[in-house]
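Right, one structure below, let's go through it.
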Amino acid sequence: MDIGVIIAGILTLAIYTFLYKDNPIYRAAESLLIGLAMGYVLVIYWQTAFMDRIFSPLLNESDWWVLIPLILGLLMFSRFSRKYSWLSRIPIALMIGAGAGVAIPAMLYARTLKQISASVMPLITESGGFNFEALVVIVGLLSTLTYFYFSREHKGIIGKVAKLGTYFLMLFFGATFGYTVMSRMSTFIGRIDFLLSDFLHIIK
Amino acid sequence: MSKDKIRWIIFAGLFLFVTLAYTIDIKMVSSPSYEVQKSFDYIESLPEGTILMVSFDHEASSLPEVQPISLVMIRHAFRNNLRIVGLSLFAEGTAIGYRTLNKIAAEYDKIYGVDYVFLGFKPQHIAAILGMGESIYDVFPHDYLGNLTDTIPIMIGIENYDNIEMVISITDGDRAVQWIEYAGPRYDQKVMTGLTAAMITSYDPYLSSGQLFSVVGGLKGAAEYENLYGVPGKGNRGMPAQTAAHLYLIVMIIIGNIIYFRNRKRQGRSS
Amino acid sequence: MPTRLPLLICLVSGVVMFLQYFSRHPVAKLIYQTVTNDWWQVIFAFTLIVGVASFIKITLRKISQKKDKTYSLIALGGLILMPVLALIGGTNIESPFQWAFENLLAPMQATVFSLLAFFVASASFRGFRARSIPAAILLGTALLVLIGRLPIAEHISESIPDLTFWIKNYPSMAARRAILIGIGLGSMTTALRVILGIERTYLSGK
């Protein structure tokens with residue numbers, strides 16, 4: 001049998017020991033996982049960000065402009081110094097500012113306007129029929145938004161509409177819960193597949 | 001009975017029930033959902049040579065759930081002689097993406113660089129998505145193997161999204177949202193996603209508004225797609241166990257509620 | 001200086017990146033490309049390195065204090081192992097680095113994630129109760145989805161999957177849309193506050 005599969009199988013079982021209770025085998029596997037995950041990401045980022053974006057343009061193409069992001073990036077390490085830690089705010093400010101600038105049009109158009117316009121659907125169809133779904137969507141949207149409107153006390157008509165909003169929210173949470181269960185079970189089935197077919201060769 | 005014991009019984013029950021169900025290899029056929037049918041029909045309708053961008057935007061943790069989706073969708077694309085530009089916006093998706101593409105390409109005798117390519121991973125996904133709208137060559141100067149991107153046959157003339165028919169984001173989180181919100185409005189890029197079931201309801205508003213073309217969700221979505229494709233795979237294989245797991249959970253919820261209402265009734269009587 | 005300079009940089013970068021959205025001029029494109037593609041990615045990678053450095057610092061401190069020494073050593077060993085493997089054999093698909101990813105990291109990650117299946121089962125038994133009308137709606141919908149997405153559902157009754165999809169596509173979607181619009185408006189407001197220097201939490205409260 002492939003040595004890699006044996007190790008993967010043992011580690012899988014080591015993680016599952018947690019189902020009994022927290023124990024040294026699980027903690028050792030968990031610690032190894034944390035270390036390996038960090039190491040993996042470190043290597044991939046080293047290659048994709050540092051080699052591709054800094055060293056390669058600098059050494060091969062003498063592109064001196066890349067010194068700017070390099071210096072900005074190095075400023076991040078000032079966080080380890082009490083005296084100069086404020087310098088790390090410069091790259092953070094650049095990233096946050098640029099991110100905010102790019103996000104405004106995207107949030108405005110894709111997340112807000114498009115969603116609002118998609119909610120306004122004709123209630124009467126071309127054939128003269130009543131579009132019940134359109135009514136459900138608009139009532140659901142407005143009542144849920146009312147529930148999240150905290151500038152006024154939820155009393156009277158606002159209270160009633162907000163309560164209706166909670167029912168819509170419960171439908172959403174219920175559906176999400178159902179799908180989440182589906183998802184988690186699928187992941188578990190994937191591990192069972194590995195254990196039974198690759199590791200133990202019980203099934204083909 | 002102590003809380004720990006109850007927990008262990010529930011855990012052991014789930015383990016045994018699902019494991020036993022997984023050993024039963026029966027085909028459970030069901031009609032495809034509207035979204036899966038739409039995804040399949042769209043890929044089916046594309047002319048040969050069309051370029052799809054498949055982004056492996058997930059971690060290794062969700063591999064058991066999303067890999068059956070990516071396998072069947074890529075198989076379908078290759079069978080129809082579509083070309084694929086692969087990439088990853090998750091560090092862990094890099095090796096997964098390359099291996100998945102290579103594995104299926106070998107089944108269909110597809111040639112690397114001509115029929116498909118894997119560009120690798122780029123950090124800061126929003127920057128990468130936005131950057132590719134201007135120039136894919138700038139974001140990925142080299143492919144995963146180190147070849148210059150603009151010299152790879154499949155990539156010649158593929159400068160930005162203008163030449164990409166559809167982005168298929170295989171994701172376990174909100175990466176596809178970023179494709180929709182950043183590549184969609186600014187570059188008019190069509191987006192489809194294969195995602196974990198847990199994320200399905202989060203994408204419903206985008207589907208309803210037409211910002212997202214379609215969704216293939218979870219192991220069930222993969223099974224439905226496999227049935228349409230005509231070759232059962234891991235999705236179908238997992239359906240008996242998935243059914244067993246759901247039934248087990250339903251029983252657990254019902255028993256839990258029966259106990260709760262019985263206790264409440266007793267407490268009401270005693271008070 | 002420690003506060004004003006970052007605020008100024010944030011303001012300038014925010015305004016420039018916002019305005020470039022409305023321009024197709026090559027200069028605007030160049031600025032946009034340089035900031036998003038080159039600068040942003042590199043700085044982001046450095047933030048990750050700082051995170052790793054911080055983790056190493058804390059782990060070494062733990063080791064010297066003999067607090068969870070064995071586990072800290074294992075974590076540190078794993079962290080060192082990956083770069084060492086990459087240095088020895090590179091990172092191509094057949095390298096020891098990728099072997100470690102596929103046989104050590106990936107199975108453990110998937111297994112940790114699959115533990116949630118058990119906790120969901122346990123939590124459903126203990127806490128998923130129809131205590132009130134909203135709770136009953138939540139419970140009923142969850143049960144419906146659990147049944148409705150099974151391959152056997154349509155064999156029991158065709159209306160089960162139909163109802164499942166109807167709830168998902170209309171009332172559930174409407175609630176999710178409301179949340180999404182709320183997040184969109186909130187994100188925009190926060191972005192504006194950040195650019196204008198009203199929101200300064202990223203400066204550690206200064």
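Just remember, in the structure tokens the first chain shown is A, the second B, etc., residues are 1-based per chain, and ligands are 1-based in the order shown.
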
Exercise. Quick one: everything within 10 Å of Leu113 in chain A, counting only C-alpha atoms, minus sequence neighbours fewer than 6 positions away in the same chain. Send it as a list in words.
Key: Ala106, Met107 and Ser119 of chain A; Ile181, Gly184 and Leu185 of chain C

Those residues you just picked out, can you put them in a file as a compact mmCIF listing (two decimals), in the first residue's frame with N, CA, C and O atoms?
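Dumped to selection_14.txt:
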```
# COMPACT_ATOMS: atom_id res chain seq x y z
N ALA A 106 -18.71 48.63 -6.51
CA ALA A 106 -19.14 47.23 -6.55
C ALA A 106 -20.31 47.00 -5.60
O ALA A 106 -21.30 46.36 -5.95
N MET A 107 -20.20 47.55 -4.39
CA MET A 107 -21.28 47.38 -3.40
C MET A 107 -22.55 48.10 -3.84
O MET A 107 -23.65 47.60 -3.68
N SER A 119 -35.93 42.94 -7.24
CA SER A 119 -37.07 42.67 -6.35
C SER A 119 -38.35 43.31 -6.86
O SER A 119 -39.44 42.98 -6.40
N ILE C 181 -28.65 43.41 1.03
CA ILE C 181 -28.77 44.86 0.79
C ILE C 181 -28.26 45.62 2.03
O ILE C 181 -27.55 46.62 1.91
N GLY C 184 -24.60 45.51 1.93
CA GLY C 184 -24.12 46.39 0.85
C GLY C 184 -24.11 47.84 1.29
O GLY C 184 -23.11 48.55 1.15
N LEU C 185 -25.24 48.28 1.88
CA LEU C 185 -25.34 49.67 2.33
C LEU C 185 -24.35 49.93 3.46
O LEU C 185 -23.68 50.96 3.50
```

Quiz item: Leaving out Leu249 in chain B and any residue of its chain fewer than 6 positions from it, which residues lie within 12 Å of it when counting only C-alpha atoms, given as a PyMOL selection string?
Solution: (chain A and resi 177-178+181-182+184-185) or (chain B and resi 10-11+13-14+17-18+242-243+255-256) or (chain C and resi 117-126+128+142-143+145-147)

Any chance you can output those residues with C-alpha atoms as a short mmCIF file (atom, residue, chain, number, x, y, z; two decimals), in the first residue's frame?
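New file result_33.cif:
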```
data_model
loop_
_atom_site.label_atom_id
_atom_site.label_comp_id
_atom_site.auth_asym_id
_atom_site.auth_seq_id
_atom_site.Cartn_x
_atom_site.Cartn_y
_atom_site.Cartn_z
CA PHE A 177 -29.47 24.88 8.24
CA GLY A 178 -30.82 22.09 6.05
CA VAL A 181 -26.29 19.70 7.32
CA MET A 182 -26.21 18.37 3.76
CA ARG A 184 -21.25 18.61 6.50
CA MET A 185 -22.59 15.12 5.87
CA ILE B 10 -25.30 9.94 18.74
CA PHE B 11 -21.78 10.03 17.27
CA GLY B 13 -24.90 5.94 15.55
CA LEU B 14 -24.05 8.45 12.83
CA PHE B 17 -25.30 4.35 9.93
CA VAL B 18 -23.42 6.37 7.30
CA GLN B 242 -26.27 11.10 2.17
CA THR B 243 -29.83 9.77 2.42
CA ILE B 255 -36.71 12.29 19.17
CA GLY B 256 -35.23 15.43 20.68
CA ALA C 117 -21.23 16.52 10.89
CA PHE C 118 -21.14 14.92 14.33
CA PHE C 119 -21.56 18.17 16.21
CA VAL C 120 -24.48 19.15 13.98
CA ALA C 121 -26.13 15.79 14.76
CA SER C 122 -25.58 16.22 18.48
CA ALA C 123 -26.76 19.84 18.47
CA SER C 124 -29.86 18.92 16.47
CA PHE C 125 -30.82 16.36 19.08
CA ARG C 126 -30.20 18.64 22.03
CA PHE C 128 -33.31 22.08 17.83
CA ALA C 142 -34.90 22.57 7.94
CA LEU C 143 -36.76 19.24 7.99
CA VAL C 145 -34.95 20.77 3.07
CA LEU C 146 -33.42 17.65 4.63
CA ILE C 147 -36.13 15.52 3.05
#
```

Practice problem: May I ask for the distance between CA of Ala105 in chain B and CA of Gly218 in chain B, given in Å to one decimal place? | Solution: 23.3 Å

Practice problem: For chain A, report every residue with an atom at most 6 Å from chain C (counting only C-alpha atoms), formatted as an NGL selection string. | Solution: :A and (4 or 8 or 12 or 28 or 31-32 or 35-36 or 38-40 or 43 or 49 or 69 or 73 or 86 or 89-90 or 93-94 or 97-98 or 100-102 or 104 or 107 or 111-112 or 137 or 140-141 or 144-145 or 167-172 or 174-175 or 177-178 or 184-185 or 187-188)

Quiz prompt | Atomic separation - CA of Leu212 in chain B relative to CA of Asn80 in chain B, Å | solution = 22.8 Å

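Using only C-alpha atoms, one finds that the residues of chain B close to chain C, at 6 Å or less, are Phe11, Ser30, Ala60, Ser61, Pro123, Gln124, Ala127, Gly131, Asp204, Pro205, Thr243, His246, Leu249, Met252, Ile253, Gly256 and Asn257 of chain B.
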
Can I get the selection written as a compact mmCIF listing (two decimals), in the first residue's frame, with all heavy atoms?
```txt
# COMPACT_ATOMS: atom_id res chain seq x y z
N PHE B 11 -22.95 10.08 18.17
CA PHE B 11 -21.78 10.03 17.27
C PHE B 11 -21.61 8.63 16.67
O PHE B 11 -21.45 8.47 15.47
CB PHE B 11 -20.50 10.40 18.02
CG PHE B 11 -20.37 11.86 18.39
CD1 PHE B 11 -19.31 12.31 19.17
CD2 PHE B 11 -21.31 12.80 17.95
CE1 PHE B 11 -19.19 13.65 19.50
CE2 PHE B 11 -21.20 14.13 18.28
CZ PHE B 11 -20.14 14.55 19.07
N SER B 30 -32.63 10.71 -9.41
CA SER B 30 -33.64 11.74 -9.15
C SER B 30 -33.56 12.77 -10.26
O SER B 30 -32.53 12.91 -10.92
CB SER B 30 -33.40 12.40 -7.80
OG SER B 30 -32.15 13.02 -7.78
N ALA B 60 -8.68 22.50 0.91
CA ALA B 60 -8.68 21.03 0.90
C ALA B 60 -9.79 20.47 1.77
O ALA B 60 -10.28 19.37 1.52
CB ALA B 60 -7.34 20.52 1.40
N SER B 61 -10.23 21.26 2.76
CA SER B 61 -11.24 20.76 3.69
C SER B 61 -12.56 20.42 3.01
O SER B 61 -13.27 19.53 3.44
CB SER B 61 -11.47 21.80 4.79
OG SER B 61 -11.77 23.04 4.22
N PRO B 123 -2.35 35.64 -4.91
CA PRO B 123 -2.93 36.12 -3.66
C PRO B 123 -3.80 37.36 -3.88
O PRO B 123 -3.69 38.01 -4.91
CB PRO B 123 -1.71 36.46 -2.80
CG PRO B 123 -0.61 36.66 -3.75
CD PRO B 123 -0.92 35.89 -5.00
N GLN B 124 -4.56 37.69 -2.89
CA GLN B 124 -5.50 38.82 -2.91
C GLN B 124 -6.45 38.66 -4.11
O GLN B 124 -6.27 39.24 -5.17
CB GLN B 124 -4.75 40.16 -2.96
CG GLN B 124 -5.28 41.18 -1.99
CD GLN B 124 -6.80 41.37 -2.01
OE1 GLN B 124 -7.43 41.26 -3.04
NE2 GLN B 124 -7.38 41.63 -0.86
N ALA B 127 -7.96 41.68 -6.14
CA ALA B 127 -6.97 42.29 -7.03
C ALA B 127 -6.78 41.42 -8.28
O ALA B 127 -6.69 41.94 -9.40
CB ALA B 127 -5.64 42.44 -6.29
N GLY B 131 -7.68 42.60 -11.88
CA GLY B 131 -6.52 42.69 -12.76
C GLY B 131 -6.71 41.92 -14.05
O GLY B 131 -6.33 42.39 -15.13
N ASP B 204 -28.57 32.62 -3.58
CA ASP B 204 -29.91 32.72 -4.18
C ASP B 204 -30.25 34.12 -4.71
O ASP B 204 -30.78 34.24 -5.82
CB ASP B 204 -30.98 32.26 -3.18
CG ASP B 204 -31.01 30.74 -3.08
OD1 ASP B 204 -30.53 30.07 -4.03
OD2 ASP B 204 -31.51 30.21 -2.08
N PRO B 205 -29.94 35.20 -3.97
CA PRO B 205 -30.28 36.53 -4.51
C PRO B 205 -29.57 36.83 -5.83
O PRO B 205 -30.14 37.48 -6.70
CB PRO B 205 -29.82 37.49 -3.41
CG PRO B 205 -29.81 36.68 -2.18
CD PRO B 205 -29.43 35.30 -2.59
N THR B 243 -28.44 10.03 2.02
CA THR B 243 -29.83 9.77 2.42
C THR B 243 -29.87 9.26 3.86
O THR B 243 -30.67 9.72 4.67
CB THR B 243 -30.46 8.72 1.47
OG1 THR B 243 -30.29 9.18 0.13
CG2 THR B 243 -31.94 8.52 1.75
N HIS B 246 -29.18 12.07 6.35
CA HIS B 246 -30.33 12.98 6.51
C HIS B 246 -31.42 12.32 7.36
O HIS B 246 -31.97 12.95 8.27
CB HIS B 246 -30.90 13.35 5.13
CG HIS B 246 -30.09 14.36 4.42
ND1 HIS B 246 -30.64 15.28 3.55
CD2 HIS B 246 -28.77 14.62 4.42
CE1 HIS B 246 -29.68 16.04 3.06
NE2 HIS B 246 -28.54 15.65 3.56
N LEU B 249 -30.49 12.25 10.97
CA LEU B 249 -30.63 13.56 11.60
C LEU B 249 -32.10 13.92 11.84
O LEU B 249 -32.44 14.48 12.88
CB LEU B 249 -29.96 14.63 10.73
CG LEU B 249 -29.32 15.69 11.59
CD1 LEU B 249 -27.93 15.27 11.98
CD2 LEU B 249 -29.31 17.01 10.89
N MET B 252 -33.17 12.12 14.82
CA MET B 252 -32.59 12.76 16.01
C MET B 252 -33.41 14.00 16.41
O MET B 252 -33.70 14.21 17.59
CB MET B 252 -31.15 13.20 15.73
CG MET B 252 -30.11 12.11 15.75
SD MET B 252 -30.00 11.35 17.36
CE MET B 252 -30.56 9.73 16.97
N ILE B 253 -33.76 14.81 15.42
CA ILE B 253 -34.52 16.04 15.70
C ILE B 253 -35.90 15.67 16.26
O ILE B 253 -36.36 16.25 17.24
CB ILE B 253 -34.66 16.90 14.42
CG1 ILE B 253 -33.30 17.45 13.99
CG2 ILE B 253 -35.63 18.05 14.64
CD1 ILE B 253 -33.28 18.13 12.62
N GLY B 256 -35.56 14.30 19.82
CA GLY B 256 -35.23 15.43 20.68
C GLY B 256 -36.47 16.24 21.03
O GLY B 256 -36.68 16.64 22.19
N ASN B 257 -37.33 16.47 20.04
CA ASN B 257 -38.53 17.26 20.26
C ASN B 257 -39.58 16.49 21.06
O ASN B 257 -40.27 17.08 21.88
CB ASN B 257 -39.12 17.71 18.91
CG ASN B 257 -38.48 19.00 18.46
OD1 ASN B 257 -38.87 20.07 18.90
ND2 ASN B 257 -37.45 18.90 17.64
```

Quiz item: Looking at B:Asp138, B:Glu44, B:Asp188, B:Asp150, which one is nearest to Asp162 in chain B, with distances taken over only C-alpha atoms?
Solution: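 For Asp162 in chain B, the nearest of the candidates is B:Asp188.
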
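Within 6 Å of chain B, chain A contributes the residues Ala106, Ala110, Ala118, Thr176, Tyr179, Thr180, Ser183, Ser186, Thr187 and Gly190 of chain A, using only C-alpha atoms.
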
Exercise. From a DSSP calculation on the backbone, collect every residue of range 137-177 of chain C in alpha helix (DSSP H) and output the set as a PyMOL selection string.
Key: chain C and resi 137-148+153-156+159-169+171-177

Quiz prompt | Neighbour list for Thr146 in chain A as a ChimeraX atom specification, cut-off 7 Å, only C-alpha atoms, skip fewer than 4 positions in-chain | solution = /A:142,161-162
